[in-house]
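Engineer: See my_file30.pdb below, with PDB, C-alpha atoms (C1' of nucleotides).
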ATOM      1  CA  MET A 612      17.904   6.507 -20.959
ATOM      2  CA  ASP A 613      18.631   4.373 -17.930
ATOM      3  CA  GLU A 614      21.222   1.669 -17.843
ATOM      4  CA  THR A 615      21.484   2.050 -14.104
ATOM      5  CA  ALA A 616      19.713  -1.118 -13.044
ATOM      6  CA  THR A 617      20.047  -3.141 -16.208
ATOM      7  CA  SER A 618      21.943  -6.137 -14.959
ATOM      8  CA  ASN A 619      22.000  -5.462 -11.279
ATOM      9  CA  PRO A 620      19.659  -7.914  -9.607
ATOM     10  CA  VAL A 621      21.136  -7.728  -6.150
ATOM     11  CA  THR A 622      22.190  -4.258  -5.175
ATOM     12  CA  HIS A 623      19.130  -2.095  -5.525
ATOM     13  CA  GLN A 624      19.463   1.511  -4.513
ATOM     14  CA  LEU A 625      16.345   1.361  -2.428
ATOM     15  CA  THR A 626      16.138   4.746  -0.879
ATOM     16  CA  SER A 627      13.071   5.698   1.064
ATOM     17  CA  GLU A 628      12.252   7.973  -1.861
ATOM     18  CA  HIS A 629      11.757   4.982  -4.100
ATOM     19  CA  ARG A 630       9.649   3.183  -1.579
ATOM     20  CA  ARG A 631       7.487   6.219  -0.972
ATOM     21  CA  LEU A 632       6.920   6.588  -4.681
ATOM     22  CA  LEU A 633       5.548   3.073  -4.794
ATOM     23  CA  ASP A 634       3.476   3.839  -1.729
ATOM     24  CA  GLU A 635       1.885   6.784  -3.475
ATOM     25  CA  VAL A 636       1.323   5.045  -6.757
ATOM     26  CA  LEU A 637       0.341   1.585  -5.554
ATOM     27  CA  ASP A 638      -1.905   2.657  -2.728
ATOM     28  CA  LYS A 639      -5.335   1.346  -1.979
ATOM     29  CA  TRP A 640      -7.185   2.950  -4.887
ATOM     30  CA  SER A 641      -4.520   4.117  -7.316
ATOM     31  CA  LEU A 642      -4.277   0.913  -9.277
ATOM     32  CA  GLN A 643      -7.952   0.835 -10.047
ATOM     33  CA  VAL A 644      -8.037   4.509 -10.967
ATOM     34  CA  LEU A 645      -5.024   4.223 -13.241
ATOM     35  CA  ASP A 646      -6.433   1.056 -14.696
ATOM     36  CA  THR A 647      -9.685   2.780 -15.539
ATOM     37  CA  LEU A 648      -7.997   5.840 -16.986
ATOM     38  CA  CYS A 649      -5.692   3.723 -19.113
ATOM     39  CA  GLU A 650      -8.727   2.592 -21.048
ATOM     40  CA  GLN A 651     -10.030   6.077 -21.713
ATOM     41  CA  PRO A 652     -10.313   9.529 -20.156
ATOM     42  CA  GLN A 653     -13.019   9.809 -17.572
ATOM     43  CA  ARG A 654     -14.972  12.453 -15.760
ATOM     44  CA  PHE A 655     -15.095  12.547 -11.996
ATOM     45  CA  ASN A 656     -18.483  10.916 -11.657
ATOM     46  CA  GLU A 657     -17.705   8.417 -14.362
ATOM     47  CA  LEU A 658     -14.829   7.253 -12.221
ATOM     48  CA  ARG A 659     -17.147   6.973  -9.247
ATOM     49  CA  ARG A 660     -19.424   4.735 -11.257
ATOM     50  CA  ALA A 661     -16.498   2.701 -12.540
ATOM     51  CA  ILE A 662     -15.271   2.111  -8.989
ATOM     52  CA  PRO A 663     -18.499   2.126  -7.011
ATOM     53  CA  VAL A 664     -17.026   1.321  -3.621
ATOM     54  CA  ILE A 665     -14.762   4.355  -3.481
ATOM     55  CA  THR A 666     -15.958   7.442  -1.636
ATOM     56  CA  GLN A 667     -15.778  10.948  -3.081
ATOM     57  CA  LYS A 668     -13.187  11.889  -0.552
ATOM     58  CA  SER A 669     -10.891   8.997  -1.336
ATOM     59  CA  LEU A 670     -11.347   9.425  -5.050
ATOM     60  CA  THR A 671     -10.448  13.097  -4.826
ATOM     61  CA  ALA A 672      -7.420  12.345  -2.696
ATOM     62  CA  THR A 673      -6.276   9.603  -5.036
ATOM     63  CA  LEU A 674      -6.700  11.789  -8.111
ATOM     64  CA  ARG A 675      -4.794  14.667  -6.503
ATOM     65  CA  ARG A 676      -1.934  12.428  -5.491
ATOM     66  CA  LEU A 677      -1.705  10.845  -8.922
ATOM     67  CA  GLU A 678      -1.862  14.256 -10.558
ATOM     68  CA  ARG A 679       0.847  15.586  -8.282
ATOM     69  CA  ASN A 680       3.110  12.680  -9.179
ATOM     70  CA  GLY A 681       2.566  13.273 -12.865
ATOM     71  CA  MET A 682       0.619  10.078 -13.446
ATOM     72  CA  ILE A 683      -2.582  11.712 -14.649
ATOM     73  CA  GLU A 684      -3.728  15.049 -16.040
ATOM     74  CA  ARG A 685      -6.682  17.060 -14.874
ATOM     75  CA  ILE A 686      -8.370  18.981 -17.653
ATOM     76  CA  ILE A 687     -10.927  21.625 -16.813
ATOM     77  CA  ILE A 688     -13.582  22.279 -19.410
ATOM     78  CA  SER A 689     -15.159  25.641 -18.713
ATOM     79  CA  THR A 690     -18.793  24.966 -19.363
ATOM     80  CA  ARG A 691     -21.526  26.343 -17.092
ATOM     81  CA  PRO A 692     -21.560  23.500 -14.686
ATOM     82  CA  VAL A 693     -17.829  23.010 -14.955
ATOM     83  CA  ALA A 694     -16.660  19.716 -16.412
ATOM     84  CA  VAL A 695     -13.423  18.040 -15.449
ATOM     85  CA  GLU A 696     -11.752  15.276 -17.332
ATOM     86  CA  TYR A 697      -9.017  13.054 -16.034
ATOM     87  CA  ARG A 698      -6.687  11.323 -18.415
ATOM     88  CA  ILE A 699      -3.620   9.205 -18.092
ATOM     89  CA  ALA A 700      -0.345  11.102 -18.526
ATOM     90  CA  ALA A 701       2.792   9.904 -20.255
ATOM     91  CA  LEU A 702       4.342   8.966 -16.925
ATOM     92  CA  GLY A 703       1.258   7.037 -15.985
ATOM     93  CA  ARG A 704       1.403   5.100 -19.223
ATOM     94  CA  THR A 705       4.792   3.775 -18.195
ATOM     95  CA  LEU A 706       3.035   1.994 -15.349
ATOM     96  CA  GLN A 707       0.374   0.350 -17.441
ATOM     97  CA  ASP A 708       2.209  -2.860 -18.212
ATOM     98  CA  LEU A 709       3.246  -3.210 -14.606
ATOM     99  CA  ILE A 710      -0.303  -2.772 -13.413
ATOM    100  CA  ASP A 711      -1.593  -5.321 -15.881
ATOM    101  CA  ALA A 712       1.100  -7.713 -14.752
ATOM    102  CA  LEU A 713       0.065  -7.206 -11.148
ATOM    103  CA  TRP A 714      -3.586  -7.911 -11.856
ATOM    104  CA  GLN A 715      -2.682 -10.977 -13.835
ATOM    105  CA  TRP A 716      -0.508 -12.130 -11.012
ATOM    106  CA  THR A 717      -3.348 -11.832  -8.508
ATOM    107  CA  ALA A 718      -5.719 -13.599 -10.855
ATOM    108  CA  SER A 719      -3.417 -16.516 -11.444
ATOM    109  CA  THR A 720      -2.171 -16.985  -7.879
ATOM    110  CA  LEU A 721      -5.227 -16.184  -5.778
ATOM    111  CA  PRO A 722      -6.361 -19.817  -5.547
ATOM    112  CA  GLU A 723      -2.986 -20.952  -4.277
ATOM    113  CA  VAL A 724      -2.828 -18.033  -1.906
ATOM    114  CA  GLN A 725      -6.180 -18.927  -0.473
ATOM    115  CA  ALA A 726      -5.073 -22.513  -0.009
ATOM    116  CA  ALA A 727      -1.993 -21.270   1.812
ATOM    117  CA  ARG A 728      -4.145 -19.076   4.028
ATOM    118  CA  ASP A 729      -6.397 -21.986   4.907
ATOM    119  CA  ARG A 730      -3.405 -24.126   5.805
ATOM    120  CA  PHE A 731      -1.902 -21.367   7.910
ATOM    121  CA  ASP A 732      -5.142 -20.608   9.699
ATOM    122  CA  GLU A 733      -5.915 -24.156  10.684
ATOM    123  CA  GLU A 734      -2.394 -24.740  11.929
ATOM    124  CA  ASN A 735      -2.796 -21.761  14.144
TER
ATOM    125  CA  MET B1403       0.021 -22.305 -17.133
ATOM    126  CA  ASP B1404      -2.368 -19.404 -17.293
ATOM    127  CA  GLU B1405      -3.832 -18.168 -20.518
ATOM    128  CA  THR B1406      -6.746 -16.678 -18.659
ATOM    129  CA  ALA B1407      -5.900 -12.995 -19.090
ATOM    130  CA  THR B1408      -3.588 -13.262 -22.045
ATOM    131  CA  SER B1409      -5.263 -10.875 -24.438
ATOM    132  CA  ASN B1410      -7.777  -9.226 -22.196
ATOM    133  CA  PRO B1411      -6.544  -5.718 -21.506
ATOM    134  CA  VAL B1412      -9.867  -4.158 -20.694
ATOM    135  CA  THR B1413     -12.163  -6.390 -18.691
ATOM    136  CA  HIS B1414     -10.305  -7.317 -15.554
ATOM    137  CA  GLN B1415     -12.158  -9.287 -12.957
ATOM    138  CA  LEU B1416     -11.124  -6.977 -10.189
ATOM    139  CA  THR B1417     -12.809  -8.346  -7.149
ATOM    140  CA  SER B1418     -11.972  -6.938  -3.770
ATOM    141  CA  GLU B1419     -10.199 -10.224  -3.143
ATOM    142  CA  HIS B1420      -7.655  -9.425  -5.800
ATOM    143  CA  ARG B1421      -7.134  -5.923  -4.534
ATOM    144  CA  ARG B1422      -6.711  -7.109  -0.983
ATOM    145  CA  LEU B1423      -4.124  -9.620  -2.092
ATOM    146  CA  LEU B1424      -2.086  -6.820  -3.590
ATOM    147  CA  ASP B1425      -2.610  -4.815  -0.427
ATOM    148  CA  GLU B1426      -1.165  -7.626   1.648
ATOM    149  CA  VAL B1427       1.736  -8.346  -0.635
ATOM    150  CA  LEU B1428       2.669  -4.845  -1.743
ATOM    151  CA  ASP B1429       2.332  -3.167   1.611
ATOM    152  CA  LYS B1430       4.794  -0.812   3.187
ATOM    153  CA  TRP B1431       7.509  -3.338   4.033
ATOM    154  CA  SER B1432       6.684  -6.457   2.057
ATOM    155  CA  LEU B1433       8.559  -5.519  -1.072
ATOM    156  CA  GLN B1434      11.793  -4.975   0.762
ATOM    157  CA  VAL B1435      11.420  -8.168   2.769
ATOM    158  CA  LEU B1436      10.624 -10.240  -0.296
ATOM    159  CA  ASP B1437      13.417  -8.563  -2.155
ATOM    160  CA  THR B1438      15.898  -9.468   0.552
ATOM    161  CA  LEU B1439      14.689 -13.039   0.844
ATOM    162  CA  CYS B1440      14.827 -13.517  -2.905
ATOM    163  CA  GLU B1441      18.580 -13.146  -2.694
ATOM    164  CA  GLN B1442      19.018 -15.709   0.037
ATOM    165  CA  PRO B1443      17.335 -17.087   3.159
ATOM    166  CA  GLN B1444      17.711 -14.895   6.180
ATOM    167  CA  ARG B1445      17.364 -15.076   9.918
ATOM    168  CA  PHE B1446      15.137 -12.674  11.776
ATOM    169  CA  ASN B1447      17.899 -10.404  12.935
ATOM    170  CA  GLU B1448      19.622 -10.567   9.599
ATOM    171  CA  LEU B1449      16.505  -9.130   8.097
ATOM    172  CA  ARG B1450      16.514  -6.387  10.685
ATOM    173  CA  ARG B1451      20.037  -5.484   9.708
ATOM    174  CA  ALA B1452      19.190  -5.639   6.022
ATOM    175  CA  ILE B1453      16.272  -3.260   6.511
ATOM    176  CA  PRO B1454      17.455  -1.112   9.402
ATOM    177  CA  VAL B1455      14.518   1.265   9.548
ATOM    178  CA  ILE B1456      11.922  -1.428  10.203
ATOM    179  CA  THR B1457      10.892  -2.107  13.791
ATOM    180  CA  GLN B1458      10.695  -5.597  15.283
ATOM    181  CA  LYS B1459       6.970  -5.311  15.497
ATOM    182  CA  SER B1460       6.491  -4.361  11.877
ATOM    183  CA  LEU B1461       8.946  -6.958  10.692
ATOM    184  CA  THR B1462       7.164  -9.670  12.626
ATOM    185  CA  ALA B1463       3.803  -8.551  11.283
ATOM    186  CA  THR B1464       5.109  -8.426   7.733
ATOM    187  CA  LEU B1465       6.697 -11.870   7.990
ATOM    188  CA  ARG B1466       3.536 -13.383   9.415
ATOM    189  CA  ARG B1467       1.391 -11.914   6.709
ATOM    190  CA  LEU B1468       3.723 -13.062   3.958
ATOM    191  CA  GLU B1469       3.904 -16.503   5.499
ATOM    192  CA  ARG B1470       0.139 -16.715   5.761
ATOM    193  CA  ASN B1471      -0.213 -15.830   2.102
ATOM    194  CA  GLY B1472       2.266 -18.503   1.122
ATOM    195  CA  MET B1473       4.944 -16.083  -0.043
ATOM    196  CA  ILE B1474       7.616 -17.158   2.411
ATOM    197  CA  GLU B1475       8.416 -20.126   4.628
ATOM    198  CA  ARG B1476       9.373 -20.009   8.262
ATOM    199  CA  ILE B1477      11.789 -22.724   9.232
ATOM    200  CA  ILE B1478      12.475 -23.402  12.877
ATOM    201  CA  ILE B1479      15.870 -24.835  13.711
ATOM    202  CA  SER B1480      15.726 -26.375  17.160
ATOM    203  CA  THR B1481      19.030 -25.349  18.638
ATOM    204  CA  ARG B1482      19.337 -24.134  22.209
ATOM    205  CA  PRO B1483      18.628 -20.558  21.543
ATOM    206  CA  VAL B1484      16.149 -21.389  18.813
ATOM    207  CA  ALA B1485      17.048 -20.256  15.329
ATOM    208  CA  VAL B1486      14.493 -19.290  12.716
ATOM    209  CA  GLU B1487      15.133 -18.980   9.050
ATOM    210  CA  TYR B1488      12.904 -17.277   6.545
ATOM    211  CA  ARG B1489      13.082 -18.198   2.920
ATOM    212  CA  ILE B1490      11.169 -17.310  -0.170
ATOM    213  CA  ALA B1491       8.481 -19.835  -1.116
ATOM    214  CA  ALA B1492       7.514 -20.958  -4.584
ATOM    215  CA  LEU B1493       4.588 -18.569  -4.607
ATOM    216  CA  GLY B1494       6.827 -15.741  -3.548
ATOM    217  CA  ARG B1495       9.218 -16.496  -6.385
ATOM    218  CA  THR B1496       6.431 -15.802  -8.831
ATOM    219  CA  LEU B1497       6.518 -12.222  -7.609
ATOM    220  CA  GLN B1498      10.223 -11.684  -8.032
ATOM    221  CA  ASP B1499      10.183 -10.385 -11.572
ATOM    222  CA  LEU B1500       7.308  -8.074 -10.764
ATOM    223  CA  ILE B1501       9.127  -6.682  -7.775
ATOM    224  CA  ASP B1502      12.268  -6.099  -9.775
ATOM    225  CA  ALA B1503      10.221  -4.384 -12.439
ATOM    226  CA  LEU B1504       8.655  -2.139  -9.821
ATOM    227  CA  TRP B1505      11.995  -1.104  -8.388
ATOM    228  CA  GLN B1506      13.373  -0.439 -11.820
ATOM    229  CA  TRP B1507      10.325   1.623 -12.618
ATOM    230  CA  THR B1508      10.832   3.784  -9.542
ATOM    231  CA  ALA B1509      14.513   4.186 -10.311
ATOM    232  CA  SER B1510      13.935   5.263 -13.879
ATOM    233  CA  THR B1511      10.958   7.552 -13.300
ATOM    234  CA  LEU B1512      11.740   9.170  -9.965
ATOM    235  CA  PRO B1513      13.433  12.220 -11.531
ATOM    236  CA  GLU B1514      10.442  12.942 -13.739
ATOM    237  CA  VAL B1515       8.097  12.342 -10.851
ATOM    238  CA  GLN B1516       9.954  14.829  -8.742
ATOM    239  CA  ALA B1517       9.827  17.377 -11.528
ATOM    240  CA  ALA B1518       6.079  16.839 -11.744
ATOM    241  CA  ARG B1519       5.752  17.309  -8.006
ATOM    242  CA  ASP B1520       7.678  20.549  -8.113
ATOM    243  CA  ARG B1521       5.472  21.828 -10.902
ATOM    244  CA  PHE B1522       2.319  20.836  -9.065
ATOM    245  CA  ASP B1523       3.446  22.327  -5.783
ATOM    246  CA  GLU B1524       4.381  25.703  -7.167
ATOM    247  CA  GLU B1525       1.145  25.972  -9.104
ATOM    248  CA  ASN B1526      -0.697  25.434  -5.886
TER
ATOM    249  C1'  DC C 950     -21.198  18.258 -11.924
ATOM    250  C1'  DA C 951     -17.201  18.163  -9.138
ATOM    251  C1'  DG C 952     -15.939  18.704  -5.545
ATOM    252  C1'  DT C 953     -15.089  20.790   0.172
ATOM    253  C1'  DA C 954     -15.913  20.411   4.943
ATOM    254  C1'  DT C 955     -16.603  17.809   9.269
ATOM    255  C1'  DC C 956     -16.693  14.246  12.350
ATOM    256  C1'  DC C 957     -15.177  10.093  13.800
ATOM    257  C1'  DC C 958     -13.079   5.649  13.950
ATOM    258  C1'  DC C 959      -9.834   2.407  13.443
ATOM    259  C1'  DT C 960      -5.566   0.328  12.553
ATOM    260  C1'  DA C 961      -0.888   0.785  10.973
ATOM    261  C1'  DC C 962       3.146   1.991  12.844
ATOM    262  C1'  DG C 963       6.699   3.550  16.117
ATOM    263  C1'  DA C 964       8.776   3.364  20.792
ATOM    264  C1'  DT C 965       9.749   0.893  24.649
ATOM    265  C1'  DA C 966       9.924  -2.849  27.759
ATOM    266  C1'  DC C 967       9.956  -7.612  28.671
ATOM    267  C1'  DT C 968      10.727 -13.140  27.782
ATOM    268  C1'  DG C 969      11.658 -18.341  26.686
TER
ATOM    269  C1'  DC D 551      18.095 -15.049  19.220
ATOM    270  C1'  DA D 552      13.437 -14.269  18.008
ATOM    271  C1'  DG D 553      10.208 -12.718  19.260
ATOM    272  C1'  DT D 554       5.532 -10.952  22.483
ATOM    273  C1'  DA D 555       3.144  -7.166  25.175
ATOM    274  C1'  DT D 556       1.670  -2.597  25.913
ATOM    275  C1'  DC D 557       1.118   2.175  25.126
ATOM    276  C1'  DG D 558       0.477   6.013  22.329
ATOM    277  C1'  DT D 559      -0.032   8.756  18.117
ATOM    278  C1'  DA D 560      -0.869  10.130  13.097
ATOM    279  C1'  DG D 561      -3.551   9.787   9.280
ATOM    280  C1'  DG D 562      -6.115   6.968   6.016
ATOM    281  C1'  DG D 563     -10.506   6.299   5.069
ATOM    282  C1'  DG D 564     -15.839   5.997   5.687
ATOM    283  C1'  DA D 565     -20.314   8.561   6.386
ATOM    284  C1'  DT D 566     -22.681  12.537   5.879
ATOM    285  C1'  DA D 567     -23.706  17.214   4.798
ATOM    286  C1'  DC D 568     -22.926  21.226   2.156
ATOM    287  C1'  DT D 569     -21.442  24.404  -2.263
ATOM    288  C1'  DG D 570     -20.051  27.177  -6.713
TER
END
Would you mind writing the structure in this file as structure tokens?
Structural biologist:
Amino acid sequence: MDETATSNPVTHQLTSEHRRLLDEVLDKWSLQVLDTLCEQPQRFNELRRAIPVITQKSLTATLRRLERNGMIERIIISTRPVAVEYRIAALGRTLQDLIDALWQWTASTLPEVQAARDRFDEEN
Amino acid sequence: MDETATSNPVTHQLTSEHRRLLDEVLDKWSLQVLDTLCEQPQRFNELRRAIPVITQKSLTATLRRLERNGMIERIIISTRPVAVEYRIAALGRTLQDLIDALWQWTASTLPEVQAARDRFDEEN
DNA sequence: CAGTATCCCCTACGATACTG
DNA sequence: CAGTATCGTAGGGGATACTG
């Protein structure tokens, strides 16, 4: 589908559009939400429990943004107290490996990063 | 080197430390700075020219943060008007493939994302 | 249950001016 | 050249209260 950037390590076409897409998808809470939804569909309050530190407001905003960008789907189940289920969309699935790679990267480099921080802070 | 998270897709140890590391390294300008430095070391004003939209202030802040986290090195060359060179550090190199993957992901999915946005916006 | 609606703060960022 | 210093603004996000 895309052989645009196949062997083109240097000249990226980094428009602000591309950067803003990453901004929207890699923002403060998105990774954790996507991560959670990659495992299985979740209801709104299930997500709150899965990510306890997030506020309702931020969770709503994150879900709306991800839905708008086609990363997740919002499914309304018309029961009496309405139920809403969020599930990862096909586009969101394409991010899964990247997200996993990012988490693994943090896990494996955090110790060295912290050492670097300590060095930097005491030099300063 | 790390077989910690090799076959562990579900239970990440997502402490706030890990998330904050991503926040510091994947912030608004970091990707572009790292990307540029991965190609070759750059002086301060070279970086400004490579990323024209960034302000001095933001570039300085980004460079300091990346240096503090061990991603880049700041090398002072004591000439009369002092020269400073920034270069990618070993830790920063470990991010290179991830960054490339992220850019490629944006490039290949942006059209679909925009279609999703259009759909979302007209439904609303 | 799944959200809105407010208020409020804080800091990220831009713009501009200045400096060793 | 490679930055600091200062001012000002927009909005991201928390806390809290309310609703179909």
Engineer: If the PyMOL selection byres ((chain A) within 7 of (chain B)) were run on this exact file, what residues would it hold? Put them as a PDB file with C-alpha atoms, in the frame of the given file.
Structural biologist:
ATOM      1  CA  ASP A 613      18.631   4.373 -17.930  1.00  0.00           C
ATOM      2  CA  ALA A 616      19.713  -1.118 -13.044  1.00  0.00           C
ATOM      3  CA  VAL A 621      21.136  -7.728  -6.150  1.00  0.00           C
ATOM      4  CA  HIS A 629      11.757   4.982  -4.100  1.00  0.00           C
ATOM      5  CA  LEU A 632       6.920   6.588  -4.681  1.00  0.00           C
ATOM      6  CA  ASP A 634       3.476   3.839  -1.729  1.00  0.00           C
ATOM      7  CA  LYS A 639      -5.335   1.346  -1.979  1.00  0.00           C
ATOM      8  CA  GLU A 650      -8.727   2.592 -21.048  1.00  0.00           C
ATOM      9  CA  ARG A 679       0.847  15.586  -8.282  1.00  0.00           C
ATOM     10  CA  ASN A 680       3.110  12.680  -9.179  1.00  0.00           C
ATOM     11  CA  GLY A 681       2.566  13.273 -12.865  1.00  0.00           C
ATOM     12  CA  GLN A 715      -2.682 -10.977 -13.835  1.00  0.00           C
ATOM     13  CA  THR A 717      -3.348 -11.832  -8.508  1.00  0.00           C
ATOM     14  CA  ALA A 718      -5.719 -13.599 -10.855  1.00  0.00           C
ATOM     15  CA  SER A 719      -3.417 -16.516 -11.444  1.00  0.00           C
ATOM     16  CA  VAL A 724      -2.828 -18.033  -1.906  1.00  0.00           C
ATOM     17  CA  ALA A 727      -1.993 -21.270   1.812  1.00  0.00           C
ATOM     18  CA  ARG A 728      -4.145 -19.076   4.028  1.00  0.00           C
ATOM     19  CA  PHE A 731      -1.902 -21.367   7.910  1.00  0.00           C
TER      20      PHE A 731
END
Engineer: To test your reading of the syntax: which residues would the PyMOL selection byres ((chain B) within 9 of (chain C)) return for the file shown? Reply as number ranges by chain.
Structural biologist: B: 1457, 1459-1460, 1483
Engineer: Over all C-alpha pairs taken in sequence order, what does chain B look like after a least-squares fit onto chain A? Please give it as a short mmCIF file (atom, residue, chain, number, x, y, z; two decimals) with C-alpha atoms, in the coordinates of the input.
Structural biologist:
data_model
loop_
_atom_site.label_atom_id
_atom_site.label_comp_id
_atom_site.auth_asym_id
_atom_site.auth_seq_id
_atom_site.Cartn_x
_atom_site.Cartn_y
_atom_site.Cartn_z
CA MET B 1403 16.54 5.01 -22.06
CA ASP B 1404 17.62 3.48 -18.80
CA GLU B 1405 20.35 0.92 -18.57
CA THR B 1406 20.95 1.84 -14.97
CA ALA B 1407 19.59 -1.31 -13.32
CA THR B 1408 19.78 -3.64 -16.27
CA SER B 1409 21.85 -6.43 -14.79
CA ASN B 1410 21.87 -5.49 -11.16
CA PRO B 1411 19.59 -7.90 -9.36
CA VAL B 1412 21.11 -7.59 -5.94
CA THR B 1413 22.18 -4.08 -5.04
CA HIS B 1414 19.12 -1.91 -5.35
CA GLN B 1415 19.42 1.67 -4.29
CA LEU B 1416 16.32 1.51 -2.18
CA THR B 1417 16.06 4.90 -0.64
CA SER B 1418 12.97 5.83 1.29
CA GLU B 1419 12.17 8.10 -1.63
CA HIS B 1420 11.71 5.13 -3.90
CA ARG B 1421 9.59 3.29 -1.39
CA ARG B 1422 7.41 6.30 -0.80
CA LEU B 1423 6.87 6.69 -4.51
CA LEU B 1424 5.53 3.16 -4.66
CA ASP B 1425 3.42 3.89 -1.60
CA GLU B 1426 1.83 6.85 -3.35
CA VAL B 1427 1.30 5.11 -6.65
CA LEU B 1428 0.34 1.63 -5.48
CA ASP B 1429 -1.94 2.67 -2.67
CA LYS B 1430 -5.37 1.32 -1.96
CA TRP B 1431 -7.21 2.94 -4.87
CA SER B 1432 -4.53 4.13 -7.26
CA LEU B 1433 -4.24 0.94 -9.24
CA GLN B 1434 -7.90 0.85 -10.05
CA VAL B 1435 -8.00 4.53 -10.96
CA LEU B 1436 -4.96 4.26 -13.19
CA ASP B 1437 -6.33 1.11 -14.69
CA THR B 1438 -9.58 2.82 -15.57
CA LEU B 1439 -7.90 5.89 -16.98
CA CYS B 1440 -5.56 3.80 -19.08
CA GLU B 1441 -8.56 2.64 -21.06
CA GLN B 1442 -9.87 6.11 -21.73
CA PRO B 1443 -10.19 9.56 -20.15
CA GLN B 1444 -12.92 9.82 -17.60
CA ARG B 1445 -14.93 12.44 -15.80
CA PHE B 1446 -15.08 12.52 -12.04
CA ASN B 1447 -18.45 10.88 -11.76
CA GLU B 1448 -17.62 8.39 -14.45
CA LEU B 1449 -14.78 7.25 -12.29
CA ARG B 1450 -17.13 6.94 -9.35
CA ARG B 1451 -19.38 4.70 -11.39
CA ALA B 1452 -16.43 2.68 -12.65
CA ILE B 1453 -15.23 2.08 -9.10
CA PRO B 1454 -18.47 2.07 -7.13
CA VAL B 1455 -17.04 1.26 -3.73
CA ILE B 1456 -14.79 4.32 -3.56
CA THR B 1457 -16.06 7.39 -1.72
CA GLN B 1458 -15.89 10.90 -3.16
CA LYS B 1459 -13.35 11.85 -0.58
CA SER B 1460 -11.02 8.98 -1.33
CA LEU B 1461 -11.40 9.41 -5.05
CA THR B 1462 -10.54 13.08 -4.81
CA ALA B 1463 -7.53 12.34 -2.63
CA THR B 1464 -6.34 9.61 -4.97
CA LEU B 1465 -6.73 11.82 -8.04
CA ARG B 1466 -4.87 14.68 -6.41
CA ARG B 1467 -2.01 12.47 -5.38
CA LEU B 1468 -1.72 10.90 -8.81
CA GLU B 1469 -1.88 14.30 -10.42
CA ARG B 1470 0.80 15.65 -8.12
CA ASN B 1471 3.08 12.76 -9.00
CA GLY B 1472 2.58 13.38 -12.69
CA MET B 1473 0.67 10.17 -13.32
CA ILE B 1474 -2.53 11.78 -14.54
CA GLU B 1475 -3.68 15.11 -15.93
CA ARG B 1476 -6.67 17.10 -14.79
CA ILE B 1477 -8.31 19.01 -17.58
CA ILE B 1478 -10.89 21.65 -16.78
CA ILE B 1479 -13.52 22.28 -19.41
CA SER B 1480 -15.12 25.64 -18.74
CA THR B 1481 -18.75 24.95 -19.45
CA ARG B 1482 -21.51 26.29 -17.23
CA PRO B 1483 -21.55 23.49 -14.80
CA VAL B 1484 -17.81 23.01 -15.05
CA ALA B 1485 -16.63 19.72 -16.47
CA VAL B 1486 -13.39 18.04 -15.46
CA GLU B 1487 -11.68 15.30 -17.33
CA TYR B 1488 -8.95 13.08 -16.00
CA ARG B 1489 -6.60 11.36 -18.35
CA ILE B 1490 -3.52 9.27 -18.01
CA ALA B 1491 -0.26 11.20 -18.40
CA ALA B 1492 2.90 10.05 -20.10
CA LEU B 1493 4.42 9.12 -16.78
CA GLY B 1494 1.35 7.16 -15.86
CA ARG B 1495 1.54 5.23 -19.11
CA THR B 1496 4.92 3.92 -18.06
CA LEU B 1497 3.13 2.12 -15.26
CA GLN B 1498 0.51 0.45 -17.40
CA ASP B 1499 2.37 -2.74 -18.15
CA LEU B 1500 3.37 -3.10 -14.52
CA ILE B 1501 -0.20 -2.68 -13.39
CA ASP B 1502 -1.44 -5.23 -15.87
CA ALA B 1503 1.25 -7.61 -14.72
CA LEU B 1504 0.18 -7.12 -11.12
CA TRP B 1505 -3.45 -7.85 -11.86
CA GLN B 1506 -2.53 -10.91 -13.85
CA TRP B 1507 -0.35 -12.07 -11.01
CA THR B 1508 -3.21 -11.78 -8.54
CA ALA B 1509 -5.56 -13.57 -10.90
CA SER B 1510 -3.22 -16.47 -11.48
CA THR B 1511 -2.01 -16.93 -7.91
CA LEU B 1512 -5.08 -16.16 -5.83
CA PRO B 1513 -6.19 -19.82 -5.63
CA GLU B 1514 -2.82 -20.94 -4.33
CA VAL B 1515 -2.71 -18.01 -1.95
CA GLN B 1516 -6.06 -18.95 -0.54
CA ALA B 1517 -4.93 -22.53 -0.10
CA ALA B 1518 -1.89 -21.26 1.77
CA ARG B 1519 -4.08 -19.11 3.98
CA ASP B 1520 -6.32 -22.03 4.82
CA ARG B 1521 -3.31 -24.14 5.73
CA PHE B 1522 -1.85 -21.39 7.88
CA ASP B 1523 -5.12 -20.66 9.63
CA GLU B 1524 -5.87 -24.22 10.59
CA GLU B 1525 -2.36 -24.78 11.88
CA ASN B 1526 -2.84 -21.83 14.14
#
Engineer: Can you check which residues of chain D have any atom within 12 Å of chain A? Use all atoms listed in the file and format it as an MDAnalysis selection string.
Structural biologist: chainID D and resid 562:566 570
Engineer: Build an axis-aligned box that encloses every atom of region 553-567 of chain D listed in the file, pad it by 8 Å on each side, and report its centre and edge lengths in Å to one decimal, as JSON.
Structural biologist:
{"center_x": -6.7, "center_y": 2.2, "center_z": 15.4, "size_x": 49.9, "size_y": 45.9, "size_z": 37.1}
